[in-house]
>>> print(open('run_18.pdb').read())   # PDB, C-alpha atoms
ATOM      1  CA  MET A   1      37.348  52.592 -81.864
ATOM      2  CA  SER A   2      33.668  52.289 -80.879
ATOM      3  CA  LEU A   3      33.854  55.066 -78.257
ATOM      4  CA  TYR A   4      35.804  58.243 -78.762
ATOM      5  CA  LYS A   5      35.866  61.929 -77.844
ATOM      6  CA  ARG A   6      35.878  64.956 -80.122
ATOM      7  CA  LYS A   7      37.813  68.137 -79.473
ATOM      8  CA  ASP A   8      34.634  70.246 -79.437
ATOM      9  CA  SER A   9      32.707  68.030 -76.991
ATOM     10  CA  ASN A  10      33.078  66.608 -73.486
ATOM     11  CA  ALA A  11      30.623  63.814 -74.256
ATOM     12  CA  TRP A  12      31.617  60.416 -75.568
ATOM     13  CA  TRP A  13      30.738  59.641 -79.182
ATOM     14  CA  VAL A  14      29.988  56.241 -80.712
ATOM     15  CA  LYS A  15      31.164  54.945 -84.061
ATOM     16  CA  ILE A  16      29.339  51.900 -85.388
ATOM     17  CA  GLN A  17      29.612  50.188 -88.773
ATOM     18  CA  GLN A  18      26.526  48.424 -90.068
ATOM     19  CA  ASN A  19      26.317  46.916 -93.581
ATOM     20  CA  GLY A  20      29.083  49.173 -94.855
ATOM     21  CA  ARG A  21      27.475  52.276 -93.326
ATOM     22  CA  ILE A  22      29.334  54.157 -90.599
ATOM     23  CA  ILE A  23      27.198  55.828 -87.935
ATOM     24  CA  CYS A  24      28.705  58.467 -85.639
ATOM     25  CA  ARG A  25      26.582  59.886 -82.844
ATOM     26  CA  SER A  26      27.009  61.674 -79.531
ATOM     27  CA  THR A  27      26.041  59.698 -76.452
ATOM     28  CA  GLY A  28      25.218  62.903 -74.603
ATOM     29  CA  THR A  29      27.237  61.856 -71.547
ATOM     30  CA  ALA A  30      30.812  62.212 -70.314
ATOM     31  CA  ASN A  31      30.439  59.038 -68.234
ATOM     32  CA  LYS A  32      32.225  56.242 -70.108
ATOM     33  CA  THR A  33      30.158  53.445 -68.525
ATOM     34  CA  LYS A  34      26.878  55.082 -69.530
ATOM     35  CA  ALA A  35      28.324  55.842 -72.941
ATOM     36  CA  GLN A  36      29.163  52.153 -73.394
ATOM     37  CA  GLU A  37      25.575  51.239 -72.452
ATOM     38  CA  TYR A  38      24.325  53.742 -75.036
ATOM     39  CA  HIS A  39      26.648  52.180 -77.621
ATOM     40  CA  ASP A  40      25.477  48.636 -76.924
ATOM     41  CA  LYS A  41      21.797  49.579 -77.025
ATOM     42  CA  LEU A  42      22.229  51.576 -80.232
ATOM     43  CA  LYS A  43      24.066  48.699 -81.889
ATOM     44  CA  ALA A  44      21.299  46.272 -80.911
ATOM     45  CA  ASN A  45      18.619  48.634 -82.201
ATOM     46  CA  LEU A  46      20.426  49.034 -85.506
ATOM     47  CA  TRP A  47      20.565  45.243 -85.875
ATOM     48  CA  ASP A  48      16.811  45.049 -85.231
ATOM     49  CA  GLN A  49      16.147  47.709 -87.851
ATOM     50  CA  ILE A  50      18.289  46.100 -90.523
ATOM     51  CA  SER A  51      17.614  42.427 -89.833
ATOM     52  CA  LEU A  52      14.028  42.523 -88.569
ATOM     53  CA  GLY A  53      12.689  45.682 -90.201
ATOM     54  CA  VAL A  54      11.887  47.269 -86.842
ATOM     55  CA  LYS A  55      11.261  51.003 -87.159
ATOM     56  CA  PRO A  56      13.693  52.952 -84.937
ATOM     57  CA  LYS A  57      12.486  54.958 -81.955
ATOM     58  CA  TYR A  58      13.957  58.386 -81.413
ATOM     59  CA  LYS A  59      14.131  60.446 -78.266
ATOM     60  CA  TRP A  60      13.851  64.189 -77.858
ATOM     61  CA  GLN A  61      17.610  64.299 -77.264
ATOM     62  CA  ASP A  62      18.250  62.683 -80.659
ATOM     63  CA  ALA A  63      16.143  65.361 -82.331
ATOM     64  CA  VAL A  64      17.882  68.156 -80.407
ATOM     65  CA  LEU A  65      21.340  66.967 -81.473
ATOM     66  CA  ARG A  66      20.313  66.768 -85.117
ATOM     67  CA  TRP A  67      18.541  70.135 -84.931
ATOM     68  CA  ILE A  68      21.644  71.818 -83.500
ATOM     69  CA  GLU A  69      23.800  70.323 -86.228
ATOM     70  CA  GLU A  70      21.458  71.404 -89.029
ATOM     71  CA  THR A  71      20.917  74.948 -87.717
ATOM     72  CA  ARG A  72      24.509  75.992 -87.081
ATOM     73  CA  HIS A  73      24.074  78.594 -89.816
ATOM     74  CA  LYS A  74      21.282  80.411 -87.928
ATOM     75  CA  ALA A  75      22.246  83.816 -86.596
ATOM     76  CA  THR A  76      19.935  83.249 -83.634
ATOM     77  CA  GLN A  77      21.034  79.709 -82.752
ATOM     78  CA  HIS A  78      22.345  80.914 -79.388
ATOM     79  CA  ASP A  79      18.759  81.902 -78.514
ATOM     80  CA  ASP A  80      17.543  78.433 -79.525
ATOM     81  CA  LEU A  81      20.179  76.849 -77.285
ATOM     82  CA  THR A  82      18.928  78.885 -74.324
ATOM     83  CA  HIS A  83      15.417  77.531 -74.831
ATOM     84  CA  LEU A  84      16.699  73.988 -75.401
ATOM     85  CA  ARG A  85      18.631  74.036 -72.133
ATOM     86  CA  TRP A  86      15.445  75.031 -70.320
ATOM     87  CA  LEU A  87      13.437  72.345 -72.148
ATOM     88  CA  ASP A  88      15.938  69.630 -71.269
ATOM     89  CA  THR A  89      14.464  69.012 -67.810
ATOM     90  CA  HIS A  90      10.984  68.596 -69.310
ATOM     91  CA  LEU A  91      11.628  66.498 -72.409
ATOM     92  CA  ARG A  92      15.060  64.896 -72.021
ATOM     93  CA  ASN A  93      13.988  61.256 -71.799
ATOM     94  CA  LYS A  94      10.797  61.552 -73.836
ATOM     95  CA  GLN A  95      10.298  59.439 -76.936
ATOM     96  CA  LEU A  96       9.410  61.776 -79.808
ATOM     97  CA  ASP A  97       6.238  59.889 -80.630
ATOM     98  CA  GLN A  98       5.123  60.118 -76.995
ATOM     99  CA  ILE A  99       5.274  63.925 -76.724
ATOM    100  CA  SER A 100       1.644  64.858 -76.208
ATOM    101  CA  ARG A 101      -0.624  67.854 -75.866
ATOM    102  CA  GLU A 102      -0.357  67.396 -72.102
ATOM    103  CA  ASP A 103       3.423  67.787 -72.321
ATOM    104  CA  ILE A 104       3.035  71.024 -74.257
ATOM    105  CA  ASP A 105       0.512  72.334 -71.732
ATOM    106  CA  SER A 106       2.914  71.399 -68.925
ATOM    107  CA  ILE A 107       5.729  73.344 -70.634
ATOM    108  CA  ILE A 108       3.500  76.402 -71.001
ATOM    109  CA  LYS A 109       2.430  76.232 -67.357
ATOM    110  CA  ALA A 110       6.014  75.826 -66.118
ATOM    111  CA  ARG A 111       7.265  78.698 -68.279
ATOM    112  CA  LEU A 112       4.570  81.108 -67.167
ATOM    113  CA  SER A 113       4.750  80.133 -63.483
ATOM    114  CA  GLY A 114       8.493  80.781 -63.638
ATOM    115  CA  GLY A 115       7.822  84.411 -64.492
ATOM    116  CA  ALA A 116       8.264  84.232 -68.271
ATOM    117  CA  SER A 117       6.084  86.457 -70.428
ATOM    118  CA  ASN A 118       3.807  85.173 -73.178
ATOM    119  CA  GLY A 119       6.414  86.334 -75.672
ATOM    120  CA  THR A 120       9.257  84.389 -74.045
ATOM    121  CA  THR A 121       7.016  81.346 -73.696
ATOM    122  CA  ASN A 122       6.165  81.587 -77.387
ATOM    123  CA  ARG A 123       9.871  81.610 -78.322
ATOM    124  CA  THR A 124      10.282  78.372 -76.381
ATOM    125  CA  LEU A 125       7.204  76.816 -77.991
ATOM    126  CA  ALA A 126       8.449  77.870 -81.425
ATOM    127  CA  VAL A 127      11.637  75.842 -80.945
ATOM    128  CA  VAL A 128       9.647  72.764 -79.865
ATOM    129  CA  ARG A 129       7.285  73.148 -82.818
ATOM    130  CA  ALA A 130      10.128  73.590 -85.314
ATOM    131  CA  ILE A 131      11.921  70.456 -84.117
ATOM    132  CA  LEU A 132       8.765  68.321 -84.110
ATOM    133  CA  ARG A 133       7.856  69.533 -87.607
ATOM    134  CA  LYS A 134      11.326  68.562 -88.837
ATOM    135  CA  ALA A 135      11.035  65.173 -87.198
ATOM    136  CA  THR A 136       7.662  64.622 -88.894
ATOM    137  CA  ASN A 137       7.988  66.193 -92.329
ATOM    138  CA  GLU A 138      11.692  65.943 -93.166
ATOM    139  CA  TRP A 139      13.378  63.308 -91.036
ATOM    140  CA  GLU A 140      10.280  61.059 -91.016
ATOM    141  CA  TRP A 141      11.058  59.960 -87.479
ATOM    142  CA  ILE A 142       7.460  60.253 -86.309
ATOM    143  CA  VAL A 143       4.079  60.137 -88.037
ATOM    144  CA  ARG A 144       2.454  63.074 -86.274
ATOM    145  CA  HIS A 145       2.994  65.579 -83.494
ATOM    146  CA  PRO A 146       0.686  67.669 -81.304
ATOM    147  CA  LYS A 147      -0.504  70.994 -82.640
ATOM    148  CA  ILE A 148       1.270  73.870 -80.913
ATOM    149  CA  SER A 149      -0.428  77.277 -80.926
ATOM    150  CA  MET A 150       1.199  80.468 -79.748
ATOM    151  CA  LEU A 151      -0.060  82.480 -76.788
ATOM    152  CA  PRO A 152      -1.499  85.945 -77.437
ATOM    153  CA  GLU A 153       1.058  88.741 -77.188
ATOM    154  CA  PRO A 154       0.225  92.410 -76.713
ATOM    155  CA  LYS A 155       1.495  94.530 -79.578
ATOM    156  CA  ARG A 156       4.221  96.793 -78.285
ATOM    157  CA  ARG A 157       4.567 100.387 -79.307
ATOM    158  CA  VAL A 158       7.704 101.235 -81.218
ATOM    159  CA  ARG A 159      10.093 102.899 -78.771
ATOM    160  CA  TRP A 160      12.111 105.691 -80.338
ATOM    161  CA  LEU A 161      13.776 108.964 -79.373
ATOM    162  CA  THR A 162      13.403 112.451 -80.754
ATOM    163  CA  HIS A 163      16.564 114.124 -82.042
ATOM    164  CA  GLU A 164      16.622 116.313 -78.947
ATOM    165  CA  VAL A 165      16.433 113.376 -76.523
ATOM    166  CA  ALA A 166      18.972 111.386 -78.564
ATOM    167  CA  ASN A 167      21.429 114.270 -78.279
ATOM    168  CA  ARG A 168      20.803 114.390 -74.541
ATOM    169  CA  LEU A 169      21.607 110.694 -74.278
ATOM    170  CA  ILE A 170      24.807 111.076 -76.295
ATOM    171  CA  SER A 171      25.974 113.886 -74.020
ATOM    172  CA  GLU A 172      25.718 111.516 -71.037
ATOM    173  CA  LEU A 173      27.551 108.556 -72.616
ATOM    174  CA  PRO A 174      31.143 107.525 -71.840
ATOM    175  CA  GLU A 175      33.544 108.487 -74.599
ATOM    176  CA  HIS A 176      33.918 105.032 -76.187
ATOM    177  CA  LEU A 177      30.142 104.535 -76.555
ATOM    178  CA  ILE A 178      29.465 107.896 -78.224
ATOM    179  CA  PRO A 179      30.693 106.967 -81.745
ATOM    180  CA  ILE A 180      28.961 103.568 -81.526
ATOM    181  CA  VAL A 181      25.593 105.120 -80.654
ATOM    182  CA  ARG A 182      25.982 107.882 -83.238
ATOM    183  CA  PHE A 183      26.895 105.359 -85.945
ATOM    184  CA  SER A 184      23.915 103.182 -84.961
ATOM    185  CA  LEU A 185      21.602 106.164 -85.335
ATOM    186  CA  GLU A 186      23.138 106.982 -88.727
ATOM    187  CA  THR A 187      22.914 103.480 -90.198
ATOM    188  CA  GLY A 188      20.287 101.524 -88.232
ATOM    189  CA  LEU A 189      22.614  98.536 -88.026
ATOM    190  CA  ARG A 190      22.044  95.920 -85.347
ATOM    191  CA  GLN A 191      24.326  95.897 -82.312
ATOM    192  CA  ALA A 192      26.491  92.953 -83.402
ATOM    193  CA  ASN A 193      26.943  94.408 -86.881
ATOM    194  CA  VAL A 194      28.212  97.692 -85.451
ATOM    195  CA  THR A 195      30.526  96.293 -82.782
ATOM    196  CA  GLY A 196      31.814  93.657 -85.213
ATOM    197  CA  LEU A 197      32.330  96.041 -88.143
ATOM    198  CA  GLN A 198      35.811  95.685 -89.643
ATOM    199  CA  TRP A 199      37.869  98.057 -91.764
ATOM    200  CA  GLN A 200      37.714  95.599 -94.652
ATOM    201  CA  GLN A 201      33.927  96.082 -94.724
ATOM    202  CA  VAL A 202      34.137  99.814 -95.366
ATOM    203  CA  ASP A 203      34.933 101.831 -98.477
ATOM    204  CA  ILE A 204      35.159 105.478 -97.461
ATOM    205  CA  ASN A 205      35.785 106.671-101.040
ATOM    206  CA  ARG A 206      32.542 105.080-102.231
ATOM    207  CA  ALA A 207      30.750 106.065 -99.001
ATOM    208  CA  CYS A 208      29.491 102.565 -98.298
ATOM    209  CA  ALA A 209      29.903  99.587 -96.010
ATOM    210  CA  TRP A 210      28.534  96.072 -96.203
ATOM    211  CA  ILE A 211      27.410  93.302 -93.897
ATOM    212  CA  HIS A 212      28.316  89.796 -95.049
ATOM    213  CA  PRO A 213      25.538  87.162 -95.272
ATOM    214  CA  ASP A 214      26.936  85.182 -92.337
ATOM    215  CA  GLN A 215      26.754  88.345 -90.183
ATOM    216  CA  ALA A 216      23.189  89.294 -91.124
ATOM    217  CA  LYS A 217      20.134  88.040 -89.252
ATOM    218  CA  ALA A 218      18.328  87.203 -92.513
ATOM    219  CA  ARG A 219      21.517  85.573 -93.878
ATOM    220  CA  GLU A 220      21.563  87.950 -96.841
ATOM    221  CA  ALA A 221      24.229  90.576 -97.504
ATOM    222  CA  ILE A 222      23.291  94.136 -96.574
ATOM    223  CA  ALA A 223      24.607  97.170 -98.437
ATOM    224  CA  VAL A 224      25.061 100.126 -96.075
ATOM    225  CA  PRO A 225      25.230 103.594 -97.662
ATOM    226  CA  LEU A 226      27.199 105.955 -95.429
ATOM    227  CA  SER A 227      26.085 109.516 -94.774
ATOM    228  CA  PRO A 228      28.714 112.257 -94.360
ATOM    229  CA  ASN A 229      28.163 112.008 -90.590
ATOM    230  CA  ALA A 230      28.738 108.244 -90.652
ATOM    231  CA  ILE A 231      31.937 108.675 -92.673
ATOM    232  CA  LYS A 232      33.213 111.281 -90.205
ATOM    233  CA  ILE A 233      32.521 108.908 -87.298
ATOM    234  CA  ILE A 234      34.518 106.161 -89.037
ATOM    235  CA  GLN A 235      37.397 108.452 -89.930
ATOM    236  CA  ASP A 236      37.712 109.467 -86.287
ATOM    237  CA  GLN A 237      38.440 105.822 -85.414
ATOM    238  CA  ILE A 238      41.411 105.455 -87.782
ATOM    239  CA  GLY A 239      44.545 104.201 -86.058
ATOM    240  CA  ARG A 240      42.857 102.749 -82.978
ATOM    241  CA  ASN A 241      42.714  99.122 -84.125
ATOM    242  CA  LYS A 242      43.938  97.427 -87.318
ATOM    243  CA  GLU A 243      40.932  95.115 -87.603
ATOM    244  CA  TYR A 244      37.889  96.581 -85.869
ATOM    245  CA  ILE A 245      36.481 100.085 -86.194
ATOM    246  CA  PHE A 246      34.893 100.578 -82.781
ATOM    247  CA  THR A 247      37.165  99.924 -79.823
ATOM    248  CA  TYR A 248      37.732 100.519 -76.132
ATOM    249  CA  GLN A 249      41.313 100.851 -74.941
ATOM    250  CA  GLY A 250      42.503  99.561 -78.293
ATOM    251  CA  LYS A 251      40.364  96.386 -78.284
ATOM    252  CA  GLN A 252      37.097  95.515 -80.006
ATOM    253  CA  VAL A 253      33.975  96.539 -78.093
ATOM    254  CA  ARG A 254      31.981  93.366 -77.486
ATOM    255  CA  GLN A 255      29.471  94.442 -74.841
ATOM    256  CA  VAL A 256      27.452  97.645 -75.005
ATOM    257  CA  ASN A 257      24.515  96.935 -72.685
ATOM    258  CA  THR A 258      26.670  97.813 -69.695
ATOM    259  CA  ARG A 259      26.252  99.695 -66.440
ATOM    260  CA  ALA A 260      27.724 102.750 -68.171
ATOM    261  CA  TRP A 261      24.972 102.581 -70.813
ATOM    262  CA  ARG A 262      22.224 102.137 -68.228
ATOM    263  CA  ASN A 263      23.551 104.949 -66.061
ATOM    264  CA  ALA A 264      23.667 107.268 -69.079
ATOM    265  CA  LEU A 265      19.997 106.494 -69.756
ATOM    266  CA  LYS A 266      19.141 107.372 -66.159
ATOM    267  CA  ARG A 267      21.054 110.648 -66.254
ATOM    268  CA  ALA A 268      19.316 111.535 -69.528
ATOM    269  CA  GLY A 269      15.922 110.770 -67.974
ATOM    270  CA  ILE A 270      15.155 107.996 -70.494
ATOM    271  CA  VAL A 271      13.175 104.953 -69.329
ATOM    272  CA  ASN A 272      12.095 101.722 -71.000
ATOM    273  CA  PHE A 273      14.732 101.977 -73.722
ATOM    274  CA  ARG A 274      16.887  99.115 -75.017
ATOM    275  CA  TRP A 275      19.965  99.258 -77.226
ATOM    276  CA  HIS A 276      17.925  97.752 -80.081
ATOM    277  CA  ASP A 277      15.608 100.761 -79.837
ATOM    278  CA  LEU A 278      18.385 102.788 -81.486
ATOM    279  CA  ARG A 279      17.478 100.866 -84.636
ATOM    280  CA  HIS A 280      13.798 101.711 -84.099
ATOM    281  CA  THR A 281      14.790 105.351 -83.666
ATOM    282  CA  TRP A 282      16.747 105.338 -86.943
ATOM    283  CA  ALA A 283      13.804 103.764 -88.797
ATOM    284  CA  SER A 284      11.332 106.199 -87.228
ATOM    285  CA  TRP A 285      13.423 109.189 -88.273
ATOM    286  CA  HIS A 286      13.541 107.851 -91.829
ATOM    287  CA  ILE A 287       9.788 107.398 -92.051
ATOM    288  CA  GLN A 288       9.154 110.856 -90.599
ATOM    289  CA  SER A 289      11.506 112.312 -93.221
ATOM    290  CA  GLY A 290       9.595 110.675 -96.075
ATOM    291  CA  THR A 291      11.626 107.536 -96.801
ATOM    292  CA  PRO A 292       9.280 105.006 -98.518
ATOM    293  CA  LEU A 293       8.672 101.730 -96.725
ATOM    294  CA  HIS A 294      10.199  99.613 -99.503
ATOM    295  CA  VAL A 295      13.387 101.698 -99.391
ATOM    296  CA  LEU A 296      13.540 101.465 -95.599
ATOM    297  CA  GLN A 297      13.132  97.688 -95.881
ATOM    298  CA  GLU A 298      16.203  97.466 -98.110
ATOM    299  CA  LEU A 299      18.232  99.880 -96.005
ATOM    300  CA  GLY A 300      17.472  97.944 -92.825
ATOM    301  CA  GLY A 301      17.929  94.473 -94.299
ATOM    302  CA  TRP A 302      14.434  93.291 -93.300
ATOM    303  CA  GLU A 303      13.152  90.144 -95.012
ATOM    304  CA  THR A 304       9.550  91.273 -95.487
ATOM    305  CA  THR A 305       7.528  94.473 -95.744
ATOM    306  CA  GLU A 306       5.579  93.350 -92.677
ATOM    307  CA  MET A 307       8.675  94.008 -90.593
ATOM    308  CA  VAL A 308       8.718  97.712 -91.525
ATOM    309  CA  LYS A 309       4.981  98.348 -91.409
ATOM    310  CA  ARG A 310       5.305  98.914 -87.670
ATOM    311  CA  TYR A 311       6.747 102.334 -88.526
ATOM    312  CA  ALA A 312       4.126 103.306 -91.132
ATOM    313  CA  HIS A 313       1.911 105.142 -88.644
ATOM    314  CA  LEU A 314       4.707 107.648 -87.957
ATOM    315  CA  SER A 315       4.186 109.326 -91.329
ATOM    316  CA  SER A 316       0.947 110.338 -93.024
ATOM    317  CA  SER A 317       2.427 112.650 -95.674
ATOM    318  CA  HIS A 318       1.459 110.225 -98.462
ATOM    319  CA  LEU A 319      -2.185 110.453 -97.291
ATOM    320  CA  SER A 320      -2.405 114.222 -96.776
ATOM    321  CA  GLU A 321      -3.752 114.983-100.263
ATOM    322  CA  TYR A 322      -6.700 112.682 -99.596
ATOM    323  CA  ALA A 323      -7.608 113.988 -96.129
ATOM    324  CA  ASN A 324     -10.094 116.555 -97.461
ATOM    325  CA  ASN A 325     -11.763 114.257-100.011
ATOM    326  CA  ILE A 326     -14.882 113.879 -97.832
ATOM    327  CA  HIS A 327     -15.701 117.538 -98.487
ATOM    328  CA  LYS A 328     -15.164 117.612-102.275
ATOM    329  CA  ASN A 329     -18.802 117.074-103.197
ATOM    330  CA  ASN A 330     -20.231 119.084-100.304
ATOM    331  CA  PRO A 331     -18.309 122.308 -99.572
ATOM    332  CA  ASP A 332     -20.814 123.306 -96.879
ATOM    333  CA  SER A 333     -19.884 120.250 -94.817
ATOM    334  CA  THR A 334     -16.787 122.076 -93.614
ATOM    335  CA  HIS A 335     -19.055 123.967 -91.184
ATOM    336  CA  TYR A 336     -20.732 121.482 -88.841
TER     337      TYR A 336
END
>>> encode(input="run_18.pdb", output="structure tokens")
Amino acid sequence: MSLYKRKDSNAWWVKIQQNGRIICRSTGTANKTKAQEYHDKLKANLWDQISLGVKPKYKWQDAVLRWIEETRHKATQHDDLTHLRWLDTHLRNKQLDQISREDIDSIIKARLSGGASNGTTNRTLAVVRAILRKATNEWEWIVRHPKISMLPEPKRRVRWLTHEVANRLISELPEHLIPIVRFSLETGLRQANVTGLQWQQVDINRACAWIHPDQAKAREAIAVPLSPNAIKIIQDQIGRNKEYIFTYQGKQVRQVNTRAWRNALKRAGIVNFRWHDLRHTWASWHIQSGTPLHVLQELGGWETTEMVKRYAHLSSSHLSEYANNIHKNNPDSTHY
């Protein structure tokens, strides 16, 4: 069958055999007539390539489909898909080799005029740049692509809570969120790793848990040592669900950034604080307690030291012995 549908897609797919090679590709449309037109054009193009040596032309949509297929392993693919849906109206029918600097400038202008920040705009540009680089360097679909530079982004301060404020927040939380927040502050795990934590990932006797590679943002397994407080939190959840540790009414908690969470922040008098800032709080507490950066990097599952340097300014204990060095050779300089 030349046209067919897959269970995971509403669009028609084509199946073409050329010189013993079978090509399967999505048409990108659920309209059978348009899908047939796509099939006929693709078949003609393939004949031109094989018989006449004509180099194929690829559209942005072709690159997007291949990109999605090759990046299914990415923990953040859902973010990429959000940007790709937005980009669809700007690049859908563009030939890859016709995407120009003017197109990139148009995307930037549209993103910013729509209220997006420089940071959000940069995330969109990063997806475009990654796909065009693949198309140039790996797939060899195009010879060159326009240079894409990122917009300047203001460096944000690390948002974290003191122990006193954290306790105030916990006292305002609904009952089912309390152990989740406390465990987050004990381990520094990301939201999805906490809400998705299963009993099979915990060994209470060895006081450790682990995050599998396919659950980790960096796609590397994370060992999670459990403090006595973390173990107590886990033990309190025994018997609530056979599979997941943190539950609400017997079922896995999937959403934590809820009205109940936001209302608790208001009652606690905390502003400009996201759920992910619990991880920043955990890291900040570690640094202030003397945990070395390289140890914090391993505990938090960060890929590079650069990721943890944002917390370095919160501790100067390793520099204290040098603070008075300017006076060593001139004792009188202490009295200005």
>>> resolve_selection(input="run_18.pdb", expression="the PyMOL selection byres ((chain A and resi 217) around 10)", output="list in words")
Lys74, Ala75, Thr76, Arg190, Ala192, Asn193, Pro213, Asp214, Gln215, Ala216, Ala218, Arg219, Glu220, Ala221, Gly301, Trp302 and Glu303 of chain A
>>> resolve_selection(input="run_18.pdb", expression="the PyMOL selection byres ((chain A and resi 239-251) around 9)", output="list of chain:residue names")
A:His176, A:Leu177, A:Pro179, A:Ile180, A:Val194, A:Thr195, A:Gly196, A:Leu197, A:Gln198, A:Trp199, A:Gln200, A:Ile234, A:Asp236, A:Gln237, A:Ile238, A:Gln252, A:Val253, A:Arg254
>>> closest_residue(input="run_18.pdb", among="A:Gln98, A:Ser227, A:Thr27, A:Asn93", to="Arg144 of chain A", atoms="only C-alpha atoms")
A:Gln98
>>> closest_residue(input="run_18.pdb", among="A:Met150, A:Ala35, A:Leu278, A:Val64", to="Trp13 of chain A", atoms="only C-alpha atoms")
A:Ala35
>>> atom_distance(input="run_18.pdb", atom1="atom CA of Ile68 of chain A", atom2="atom CA of Ala126 of chain A")
14.7 Å
>>> closest_residue(input="run_18.pdb", among="A:Leu161, A:Ala209, A:Val128, A:Leu81", to="Asp103 of chain A", atoms="all atoms listed in the file")
A:Val128
>>> closest_residue(input="run_18.pdb", among="A:Ser184, A:Ser26, A:Asn45, A:Gln77", to="His280 of chain A", atoms="all atoms listed in the file")
A:Ser184
>>> resolve_selection(input="run_18.pdb", expression="the PyMOL selection byres ((chain A and resi 286-288) around 10)", output="MDAnalysis selection string")
chainID A and resid 188 280:285 289:293 295:296 308 311:317
>>> atom_distance(input="run_18.pdb", atom1="atom CA of Cys208 of chain A", atom2="atom CA of Leu169 of chain A")
26.6 Å
>>> closest_residue(input="run_18.pdb", among="A:Ala260, A:Ala130, A:Ala44, A:Ala268", to="Glu175 of chain A", atoms="only C-alpha atoms")
A:Ala260
>>> atom_distance(input="run_18.pdb", atom1="atom CA of Thr120 of chain A", atom2="atom CA of Lys155 of chain A")
13.9 Å
>>> closest_residue(input="run_18.pdb", among="A:Arg274, A:Lys59, A:Lys41, A:Arg129", to="Arg101 of chain A", atoms="only C-alpha atoms")
A:Arg129
>>> residues_around(input="run_18.pdb", residues="Asp80 of chain A", least_positions_apart="2", cutoff="9 Å", atoms="all atoms listed in the file", output="ChimeraX atom specification")
/A:68,76-78,82-85,123-124,127
>>> write_last_selection(input="run_18.pdb", atoms="C-alpha atoms", output="mmCIF file, in the frame of the given file")
data_model
loop_
_atom_site.group_PDB
_atom_site.id
_atom_site.type_symbol
_atom_site.label_atom_id
_atom_site.label_comp_id
_atom_site.auth_asym_id
_atom_site.auth_seq_id
_atom_site.Cartn_x
_atom_site.Cartn_y
_atom_site.Cartn_z
ATOM 1 C CA ILE A 68 21.644 71.818 -83.500
ATOM 2 C CA THR A 76 19.935 83.249 -83.634
ATOM 3 C CA GLN A 77 21.034 79.709 -82.752
ATOM 4 C CA HIS A 78 22.345 80.914 -79.388
ATOM 5 C CA THR A 82 18.928 78.885 -74.324
ATOM 6 C CA HIS A 83 15.417 77.531 -74.831
ATOM 7 C CA LEU A 84 16.699 73.988 -75.401
ATOM 8 C CA ARG A 85 18.631 74.036 -72.133
ATOM 9 C CA ARG A 123 9.871 81.610 -78.322
ATOM 10 C CA THR A 124 10.282 78.372 -76.381
ATOM 11 C CA VAL A 127 11.637 75.842 -80.945
#
>>> residues_near_point(input="run_18.pdb", point="(28.3, 102.4, -100.9)", cutoff="10 Å", atoms="all atoms listed in the file", output="list in words")
Val202, Asp203, Ile204, Asn205, Arg206, Ala207, Cys208, Ala209, Trp210, Ala223, Val224, Pro225, Leu226 and Ser227 of chain A
>>> residues_near_point(input="run_18.pdb", point="(0.9, 69.0, -83.7)", cutoff="10 Å", atoms="all atoms listed in the file", output="ChimeraX atom specification")
/A:99-101,104,129,132-133,136,144-149
>>> write_last_selection(input="run_18.pdb", atoms="C-alpha atoms", output="CSV table (one decimal), in the frame of the given file")
chain,number,residue,atom,x,y,z
A,99,ILE,CA,5.3,63.9,-76.7
A,100,SER,CA,1.6,64.9,-76.2
A,101,ARG,CA,-0.6,67.9,-75.9
A,104,ILE,CA,3.0,71.0,-74.3
A,129,ARG,CA,7.3,73.1,-82.8
A,132,LEU,CA,8.8,68.3,-84.1
A,133,ARG,CA,7.9,69.5,-87.6
A,136,THR,CA,7.7,64.6,-88.9
A,144,ARG,CA,2.5,63.1,-86.3
A,145,HIS,CA,3.0,65.6,-83.5
A,146,PRO,CA,0.7,67.7,-81.3
A,147,LYS,CA,-0.5,71.0,-82.6
A,148,ILE,CA,1.3,73.9,-80.9
A,149,SER,CA,-0.4,77.3,-80.9
>>> build_atoms(input="run_18.pdb", residues="segment 280-286 of chain A", atoms="N, CA and C atoms", output="compact mmCIF listing (two decimals), keeping the file's coordinate frame")
# COMPACT_ATOMS: atom_id res chain seq x y z
N HIS A 280 15.16 101.20 -83.93
CA HIS A 280 13.80 101.71 -84.10
C HIS A 280 13.81 103.23 -84.29
N THR A 281 14.69 103.89 -83.55
CA THR A 281 14.79 105.35 -83.67
C THR A 281 15.23 105.75 -85.07
N TRP A 282 16.26 105.08 -85.58
CA TRP A 282 16.75 105.34 -86.94
C TRP A 282 15.63 105.16 -87.96
N ALA A 283 14.89 104.05 -87.85
CA ALA A 283 13.80 103.76 -88.80
C ALA A 283 12.69 104.80 -88.68
N SER A 284 12.39 105.20 -87.45
CA SER A 284 11.33 106.20 -87.23
C SER A 284 11.71 107.54 -87.83
N TRP A 285 12.96 107.94 -87.67
CA TRP A 285 13.42 109.19 -88.27
C TRP A 285 13.32 109.14 -89.80
N HIS A 286 13.63 107.99 -90.38
CA HIS A 286 13.54 107.85 -91.83
C HIS A 286 12.10 108.03 -92.30
